[in-house]
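A.B. asks: The structure is given below, and queries will be raised subsequently.
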Amino acid sequence: MPCHYIKLADGTVAHIRTSKPRARRCRWCDRPGTQLCDYELVTNMDMASRITCDAPMCKAHTTTIRNLEYCPKHAGAKARARLFRSKQGELF
Ligand SMILES: [Zn+2]
Ligand SMILES: [Zn+2]
């Protein structure tokens, strides 16, 4: 697994899980990507194996829908899906 530790200038040891040595940045701007998109790309019955978008994004680019956070791309998809369902008479 690509897993290693880096020592920062102030002596802190940071555990890096991916091969990228830098902190994640928002995919849509230059701010730090503190949030990850929760949109399910593949929906499995088994919750452990579900695959989410995981796009890194800042607070400004995060849309929270029903306690899940979505990137700008998938927030639109979710909103459309909700509109479609509400047209069918299913209320939340
Ligand atoms: Zn952003
Ligand atoms: Zn997404």
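Every chain in the structure tokens takes a letter, A first, then B, and so on in the order presented; its residues are numbered from 1, and the ligands are numbered from 1 following the presented order.
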Which chains and residue numbers are within 9 Å of ligand 2, counting only C-alpha atoms and all ligand atoms, if I want them as a PyMOL selection string?
C.D. replies: chain A and resi 36-41+52-56+69-75
A.B. asks: Do you know which residues are within 9 Å of ligand 1 using only C-alpha atoms and all ligand atoms? Can you write them as a list in words?
C.D. replies: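 I would give the residues around ligand 1 as Arg25, Cys26, Arg27, Trp28, Cys29, Asp30, Arg31, Pro32, Gly33, Pro56, Met57, Cys58, Lys59, Ala60, His61 and Thr62 of chain A.
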A.B. asks: Take the residues from that selection and put them in a file with C-alpha atoms, as a PDB file, in the first residue's frame.
C.D. replies:
```
ATOM      1  CA  ARG A  25      -6.956  20.935  -2.476  1.00  0.00           C
ATOM      2  CA  CYS A  26     -10.484  21.680  -3.543  1.00  0.00           C
ATOM      3  CA  ARG A  27     -11.083  20.388  -7.050  1.00  0.00           C
ATOM      4  CA  TRP A  28     -12.901  23.623  -7.943  1.00  0.00           C
ATOM      5  CA  CYS A  29     -10.684  26.295  -6.399  1.00  0.00           C
ATOM      6  CA  ASP A  30      -7.376  26.764  -4.544  1.00  0.00           C
ATOM      7  CA  ARG A  31      -8.667  26.366  -1.006  1.00  0.00           C
ATOM      8  CA  PRO A  32      -7.879  23.242   1.049  1.00  0.00           C
ATOM      9  CA  GLY A  33     -10.186  20.329   0.281  1.00  0.00           C
ATOM     10  CA  PRO A  56     -11.877  16.894  -2.320  1.00  0.00           C
ATOM     11  CA  MET A  57     -13.613  20.239  -1.899  1.00  0.00           C
ATOM     12  CA  CYS A  58     -13.675  23.296   0.366  1.00  0.00           C
ATOM     13  CA  LYS A  59     -16.641  24.379   2.492  1.00  0.00           C
ATOM     14  CA  ALA A  60     -17.714  26.895  -0.150  1.00  0.00           C
ATOM     15  CA  HIS A  61     -18.064  24.182  -2.775  1.00  0.00           C
ATOM     16  CA  THR A  62     -19.789  21.693  -0.502  1.00  0.00           C
TER      17      THR A  62
END
```
A.B. asks: Show which residues sit within 9 Å of Val42 of chain A, as a PyMOL selection string. Count only C-alpha atoms, and ignore same-chain residues fewer than 4 positions away.
C.D. replies: chain A and resi 49-52
A.B. asks: Distance atom CA of Thr64 of chain A-atom CA of Ala77 of chain A, one decimal place?
C.D. replies: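 Atom-to-atom, atom CA of Thr64 of chain A and atom CA of Ala77 of chain A are spaced 12.9 Å apart.
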A.B. asks: Write down as a ChimeraX atom specification the residues of segment 27-83 of chain A whose backbone DSSP state falls under helix (DSSP H, G or I).
C.D. replies: /A:47-49,59-61,72-83
A.B. asks: Restricting the output to C-alpha atoms, write the selected residues as a JSON list (two decimals), in the first residue's frame.
C.D. replies:
```
[["chain", "number", "residue", "atom", "x", "y", "z"],
["A", 47, "MET", "CA", -22.33, -0.56, 2.59],
["A", 48, "ALA", "CA", -18.66, -1.43, 3.11],
["A", 49, "SER", "CA", -18.02, -1.87, -0.59],
["A", 59, "LYS", "CA", -16.64, 24.38, 2.49],
["A", 60, "ALA", "CA", -17.71, 26.89, -0.15],
["A", 61, "HIS", "CA", -18.06, 24.18, -2.78],
["A", 72, "PRO", "CA", -20.77, 20.90, -7.23],
["A", 73, "LYS", "CA", -21.02, 18.25, -9.94],
["A", 74, "HIS", "CA", -23.00, 15.78, -7.86],
["A", 75, "ALA", "CA", -25.05, 18.29, -5.87],
["A", 76, "GLY", "CA", -26.82, 19.07, -9.15],
["A", 77, "ALA", "CA", -27.38, 15.39, -9.86],
["A", 78, "LYS", "CA", -28.86, 14.90, -6.40],
["A", 79, "ALA", "CA", -31.12, 17.92, -6.73],
["A", 80, "ARG", "CA", -32.42, 16.68, -10.07],
["A", 81, "ALA", "CA", -33.05, 13.21, -8.67],
["A", 82, "ARG", "CA", -34.98, 14.74, -5.80],
["A", 83, "LEU", "CA", -37.04, 16.85, -8.18]]
```
A.B. asks: Which distance in Å separates atom CA of Gln35 of chain A and atom CA of Asn67 of chain A, to one decimal?
C.D. replies: 12.6 Å
